[in-house]
Amino acid sequence: MKVVVQRVARAEVRVAGREPARIDKGLLLLVGLATGDTDEQLLWMAKKIAGLRLFPDAEGRMNKDLGDIGGDCLAVSQFTLLGDARKGRRPSFTGAMDPEGASMAFDRFVAMLEEATGRLVPTGVFGAHMDVDLVNDGPVTLILEAANLPA
């Protein structure tokens, strides 16, 4: 599992001209699910994201998490994060979870994230071509991986 976490002033997803999801201040999550990802990894990632101190305190230090600022998450499934471009010019996506499994895992991850944050988590439309618009705040961007969980 790989997640690109971006601190945003706002973010939205559009599909075929309509806007199914939008947030103001918070985190945009681009979520890549790999073959073999477990619920343990999904839960670890949800809790990690909910507790990340990526927002500034009164002194400008990143000491506040989503709950501290009343921020939201917007989660977008993105299998291309699992692309392997080490060989050739066309990435291989064999490491990505199959679409049916990924759809179910993504839904479980979002439910875990909602539980961890205590807030609803809007999402993009799984499997659709999406336009993602964001204002990266900082910019602050992290790449988290749950392939090898810490002990």
# chains A, B, ... in the order shown; residues from 1 in each chain; ligands from 1
>>> closest_atom_pairs(of="range 51-77 of chain A", to="range 10-29 of chain A", cutoff="6 Å", atoms="only C-alpha atoms", output="JSON lines")
{"residue": "A:Gly71", "atom": "CA", "partner": "A:Gly26", "partner_atom": "CA", "distance": 4.4}
{"residue": "A:Asp72", "atom": "CA", "partner": "A:Gly26", "partner_atom": "CA", "distance": 4.7}
{"residue": "A:Cys73", "atom": "CA", "partner": "A:Leu27", "partner_atom": "CA", "distance": 4.7}
{"residue": "A:Leu74", "atom": "CA", "partner": "A:Leu28", "partner_atom": "CA", "distance": 4.9}
{"residue": "A:Ala75", "atom": "CA", "partner": "A:Leu29", "partner_atom": "CA", "distance": 4.7}
>>> select_by_dssp(residues="range 54-119 of chain A", states="strand (DSSP E)", output="PyMOL selection string")
chain A and resi 55-56+62-64+72-77
>>> closest_residue(among="A:Gly67, A:Ala147, A:Val135, A:Gly95", to="Glu40 in chain A", atoms="only C-alpha atoms")
A:Ala147
>>> residues_around(residues="range 79-83 of chain A", least_positions_apart="4", cutoff="10 Å", atoms="only C-alpha atoms", output="list of chain:residue names")
A:Met1, A:Lys2, A:Val3, A:Val4, A:Leu30, A:Val31, A:Gly32, A:Leu33, A:Ala34, A:Thr35, A:Arg90, A:Pro91, A:Ser92, A:Phe93, A:Thr94, A:Gly95, A:Ala96, A:Met97, A:Asp98, A:Pro99, A:Ala102, A:Gly127
>>> residues_around(residues="Pro139 in chain A", least_positions_apart="3", cutoff="9 Å", atoms="only C-alpha atoms", output="mmCIF file with N, CA and C atoms, in the first residue's frame")
data_model
loop_
_atom_site.group_PDB
_atom_site.id
_atom_site.type_symbol
_atom_site.label_atom_id
_atom_site.label_comp_id
_atom_site.auth_asym_id
_atom_site.auth_seq_id
_atom_site.Cartn_x
_atom_site.Cartn_y
_atom_site.Cartn_z
ATOM 1 N N GLN A 6 -1.069 14.860 0.669
ATOM 2 C CA GLN A 6 -0.805 16.261 0.367
ATOM 3 C C GLN A 6 -1.648 17.144 1.276
ATOM 4 N N ARG A 7 -0.966 18.056 1.993
ATOM 5 C CA ARG A 7 -1.694 19.038 2.793
ATOM 6 C C ARG A 7 -2.264 20.071 1.830
ATOM 7 N N VAL A 8 -3.572 20.291 1.930
ATOM 8 C CA VAL A 8 -4.223 21.166 0.955
ATOM 9 C C VAL A 8 -5.035 22.270 1.633
ATOM 10 N N VAL A 135 -5.116 22.783 -4.168
ATOM 11 C CA VAL A 135 -4.162 23.827 -3.810
ATOM 12 C C VAL A 135 -3.330 23.232 -2.692
ATOM 13 N N ASN A 136 -2.091 22.850 -3.028
ATOM 14 C CA ASN A 136 -1.186 22.253 -2.064
ATOM 15 C C ASN A 136 -0.734 23.345 -1.115
#
>>> closest_residue(among="A:Gln78, A:Gly138, A:Ala105, A:Ile49", to="Gly124 in chain A", atoms="only C-alpha atoms")
A:Gln78
>>> closest_residue(among="A:Ala46, A:Pro122, A:Thr38, A:Leu52", to="Val140 in chain A", atoms="only C-alpha atoms")
A:Leu52
>>> closest_residue(among="A:Ser77, A:Arg53, A:Gly60, A:Ile143", to="Met104 in chain A", atoms="only C-alpha atoms")
A:Ser77
>>> select_by_dssp(residues="chain A", states="helix (DSSP H, G or I)", output="CSV table (one decimal) with N, CA and C atoms, in the first residue's frame")
chain,number,residue,atom,x,y,z
A,39,ASP,N,-5.7,-6.1,5.9
A,39,ASP,CA,-6.4,-5.2,6.7
A,39,ASP,C,-5.6,-4.5,7.8
A,40,GLU,N,-4.6,-5.3,8.2
A,40,GLU,CA,-3.6,-4.7,9.2
A,40,GLU,C,-2.9,-3.5,8.6
A,41,GLN,N,-2.5,-3.6,7.4
A,41,GLN,CA,-1.8,-2.5,6.7
A,41,GLN,C,-2.8,-1.3,6.5
A,42,LEU,N,-4.0,-1.6,6.1
A,42,LEU,CA,-5.0,-0.6,5.9
A,42,LEU,C,-5.3,0.2,7.2
A,43,LEU,N,-5.4,-0.6,8.3
A,43,LEU,CA,-5.7,0.1,9.6
A,43,LEU,C,-4.5,0.9,10.0
A,44,TRP,N,-3.3,0.3,9.9
A,44,TRP,CA,-2.0,1.1,10.2
A,44,TRP,C,-2.0,2.4,9.5
A,45,MET,N,-2.3,2.4,8.2
A,45,MET,CA,-2.2,3.6,7.3
A,45,MET,C,-3.3,4.6,7.8
A,46,ALA,N,-4.5,4.1,8.0
A,46,ALA,CA,-5.6,5.0,8.5
A,46,ALA,C,-5.2,5.7,9.8
A,47,LYS,N,-4.7,5.0,10.7
A,47,LYS,CA,-4.3,5.6,12.0
A,47,LYS,C,-3.1,6.5,11.8
A,48,LYS,N,-2.2,6.1,11.0
A,48,LYS,CA,-1.0,7.0,10.7
A,48,LYS,C,-1.4,8.3,10.2
A,49,ILE,N,-2.3,8.3,9.2
A,49,ILE,CA,-2.7,9.5,8.5
A,49,ILE,C,-3.5,10.4,9.5
A,50,ALA,N,-4.4,9.8,10.2
A,50,ALA,CA,-5.2,10.5,11.2
A,50,ALA,C,-4.4,11.2,12.2
A,51,GLY,N,-3.3,10.7,12.6
A,51,GLY,CA,-2.4,11.2,13.6
A,51,GLY,C,-1.2,12.1,13.2
A,66,LEU,N,-5.1,16.5,11.9
A,66,LEU,CA,-6.5,16.8,11.3
A,66,LEU,C,-7.5,17.2,12.3
A,67,GLY,N,-7.5,16.4,13.4
A,67,GLY,CA,-8.5,16.6,14.5
A,67,GLY,C,-8.3,18.0,15.1
A,68,ASP,N,-7.1,18.4,15.3
A,68,ASP,CA,-6.7,19.6,16.0
A,68,ASP,C,-7.3,20.8,15.1
A,69,ILE,N,-7.3,20.7,13.8
A,69,ILE,CA,-7.7,21.8,13.0
A,69,ILE,C,-9.1,21.7,12.4
A,79,PHE,N,-4.3,3.4,-8.8
A,79,PHE,CA,-3.5,2.2,-8.9
A,79,PHE,C,-2.2,2.5,-9.6
A,80,THR,N,-2.1,3.7,-10.3
A,80,THR,CA,-0.8,4.0,-11.0
A,80,THR,C,0.4,4.3,-10.0
A,81,LEU,N,0.1,4.4,-8.7
A,81,LEU,CA,1.1,4.6,-7.7
A,81,LEU,C,2.0,3.3,-7.6
A,82,LEU,N,1.4,2.2,-8.0
A,82,LEU,CA,2.1,0.9,-8.0
A,82,LEU,C,2.8,0.6,-9.3
A,99,PRO,N,-8.8,-4.9,-9.8
A,99,PRO,CA,-9.8,-3.9,-9.6
A,99,PRO,C,-10.9,-4.3,-8.5
A,100,GLU,N,-11.4,-5.5,-8.6
A,100,GLU,CA,-12.5,-5.9,-7.7
A,100,GLU,C,-12.0,-5.9,-6.2
A,101,GLY,N,-10.8,-6.5,-6.0
A,101,GLY,CA,-10.2,-6.5,-4.7
A,101,GLY,C,-9.9,-5.1,-4.2
A,102,ALA,N,-9.3,-4.3,-5.1
A,102,ALA,CA,-8.9,-3.0,-4.7
A,102,ALA,C,-10.1,-2.1,-4.4
A,103,SER,N,-11.2,-2.3,-5.1
A,103,SER,CA,-12.4,-1.5,-4.8
A,103,SER,C,-12.9,-1.8,-3.3
A,104,MET,N,-12.9,-3.1,-3.0
A,104,MET,CA,-13.4,-3.5,-1.7
A,104,MET,C,-12.4,-3.0,-0.6
A,105,ALA,N,-11.1,-3.2,-0.9
A,105,ALA,CA,-10.0,-2.7,0.1
A,105,ALA,C,-10.1,-1.2,0.3
A,106,PHE,N,-10.3,-0.5,-0.8
A,106,PHE,CA,-10.4,1.0,-0.7
A,106,PHE,C,-11.6,1.4,0.2
A,107,ASP,N,-12.7,0.7,0.0
A,107,ASP,CA,-13.9,1.0,0.8
A,107,ASP,C,-13.6,0.7,2.3
A,108,ARG,N,-12.9,-0.4,2.6
A,108,ARG,CA,-12.5,-0.7,4.0
A,108,ARG,C,-11.6,0.3,4.5
A,109,PHE,N,-10.6,0.7,3.7
A,109,PHE,CA,-9.6,1.8,4.2
A,109,PHE,C,-10.4,3.1,4.5
A,110,VAL,N,-11.3,3.5,3.6
A,110,VAL,CA,-12.0,4.7,3.9
A,110,VAL,C,-12.8,4.6,5.2
A,111,ALA,N,-13.5,3.5,5.4
A,111,ALA,CA,-14.2,3.2,6.7
A,111,ALA,C,-13.3,3.3,7.9
A,112,MET,N,-12.1,2.7,7.8
A,112,MET,CA,-11.1,2.8,8.8
A,112,MET,C,-10.7,4.2,9.1
A,113,LEU,N,-10.5,5.0,8.0
A,113,LEU,CA,-10.1,6.4,8.1
A,113,LEU,C,-11.2,7.2,8.8
A,114,GLU,N,-12.4,6.9,8.4
A,114,GLU,CA,-13.5,7.6,9.0
A,114,GLU,C,-13.6,7.3,10.5
A,115,GLU,N,-13.3,6.1,10.9
A,115,GLU,CA,-13.3,5.7,12.3
A,115,GLU,C,-12.1,6.4,13.0
A,116,ALA,N,-11.0,6.5,12.4
A,116,ALA,CA,-9.8,7.1,13.0
A,116,ALA,C,-9.9,8.6,13.1
A,117,THR,N,-10.6,9.2,12.2
A,117,THR,CA,-10.7,10.7,12.2
A,117,THR,C,-11.9,11.2,12.8
>>> atom_distance(atom1="CA of Glu59 in chain A", atom2="CA of Asp137 in chain A")
16.6 Å
>>> decode(residues="range 81-95 of chain A", atoms="N, CA and C atoms", output="PDB file, in the first residue's frame")
ATOM      1  N   LEU A  81       0.054   4.447  -8.710  1.00  0.00           N
ATOM      2  CA  LEU A  81       1.128   4.583  -7.721  1.00  0.00           C
ATOM      3  C   LEU A  81       1.950   3.304  -7.622  1.00  0.00           C
ATOM      4  N   LEU A  82       1.360   2.189  -8.047  1.00  0.00           N
ATOM      5  CA  LEU A  82       2.056   0.910  -7.998  1.00  0.00           C
ATOM      6  C   LEU A  82       2.770   0.606  -9.302  1.00  0.00           C
ATOM      7  N   GLY A  83       2.827   1.573 -10.206  1.00  0.00           N
ATOM      8  CA  GLY A  83       3.493   1.369 -11.491  1.00  0.00           C
ATOM      9  C   GLY A  83       4.989   1.158 -11.323  1.00  0.00           C
ATOM     10  N   ASP A  84       5.522   0.218 -12.065  1.00  0.00           N
ATOM     11  CA  ASP A  84       6.954  -0.078 -12.061  1.00  0.00           C
ATOM     12  C   ASP A  84       7.522   0.299 -13.427  1.00  0.00           C
ATOM     13  N   ALA A  85       8.322   1.358 -13.451  1.00  0.00           N
ATOM     14  CA  ALA A  85       8.875   1.853 -14.710  1.00  0.00           C
ATOM     15  C   ALA A  85      10.378   1.634 -14.803  1.00  0.00           C
ATOM     16  N   ARG A  86      10.895   0.643 -14.071  1.00  0.00           N
ATOM     17  CA  ARG A  86      12.339   0.390 -14.101  1.00  0.00           C
ATOM     18  C   ARG A  86      12.799  -0.156 -15.445  1.00  0.00           C
ATOM     19  N   LYS A  87      11.941  -0.889 -16.132  1.00  0.00           N
ATOM     20  CA  LYS A  87      12.315  -1.468 -17.420  1.00  0.00           C
ATOM     21  C   LYS A  87      11.416  -0.903 -18.507  1.00  0.00           C
ATOM     22  N   GLY A  88      11.996  -0.613 -19.643  1.00  0.00           N
ATOM     23  CA  GLY A  88      11.210  -0.154 -20.782  1.00  0.00           C
ATOM     24  C   GLY A  88      10.657   1.244 -20.581  1.00  0.00           C
ATOM     25  N   ARG A  89       9.679   1.594 -21.410  1.00  0.00           N
ATOM     26  CA  ARG A  89       9.084   2.930 -21.341  1.00  0.00           C
ATOM     27  C   ARG A  89       7.627   2.910 -20.920  1.00  0.00           C
ATOM     28  N   ARG A  90       7.034   1.742 -20.865  1.00  0.00           N
ATOM     29  CA  ARG A  90       5.641   1.614 -20.419  1.00  0.00           C
ATOM     30  C   ARG A  90       5.645   0.971 -19.032  1.00  0.00           C
ATOM     31  N   PRO A  91       5.052   1.643 -18.034  1.00  0.00           N
ATOM     32  CA  PRO A  91       5.047   1.061 -16.690  1.00  0.00           C
ATOM     33  C   PRO A  91       4.251  -0.244 -16.636  1.00  0.00           C
ATOM     34  N   SER A  92       4.686  -1.114 -15.757  1.00  0.00           N
ATOM     35  CA  SER A  92       3.965  -2.349 -15.483  1.00  0.00           C
ATOM     36  C   SER A  92       3.162  -2.149 -14.209  1.00  0.00           C
ATOM     37  N   PHE A  93       1.928  -2.622 -14.211  1.00  0.00           N
ATOM     38  CA  PHE A  93       1.075  -2.476 -13.042  1.00  0.00           C
ATOM     39  C   PHE A  93       0.750  -3.824 -12.409  1.00  0.00           C
ATOM     40  N   THR A  94       1.614  -4.814 -12.623  1.00  0.00           N
ATOM     41  CA  THR A  94       1.351  -6.148 -12.101  1.00  0.00           C
ATOM     42  C   THR A  94       1.358  -6.187 -10.577  1.00  0.00           C
ATOM     43  N   GLY A  95       1.972  -5.220  -9.927  1.00  0.00           N
ATOM     44  CA  GLY A  95       1.993  -5.174  -8.467  1.00  0.00           C
ATOM     45  C   GLY A  95       0.731  -4.592  -7.858  1.00  0.00           C
TER      46      GLY A  95
END
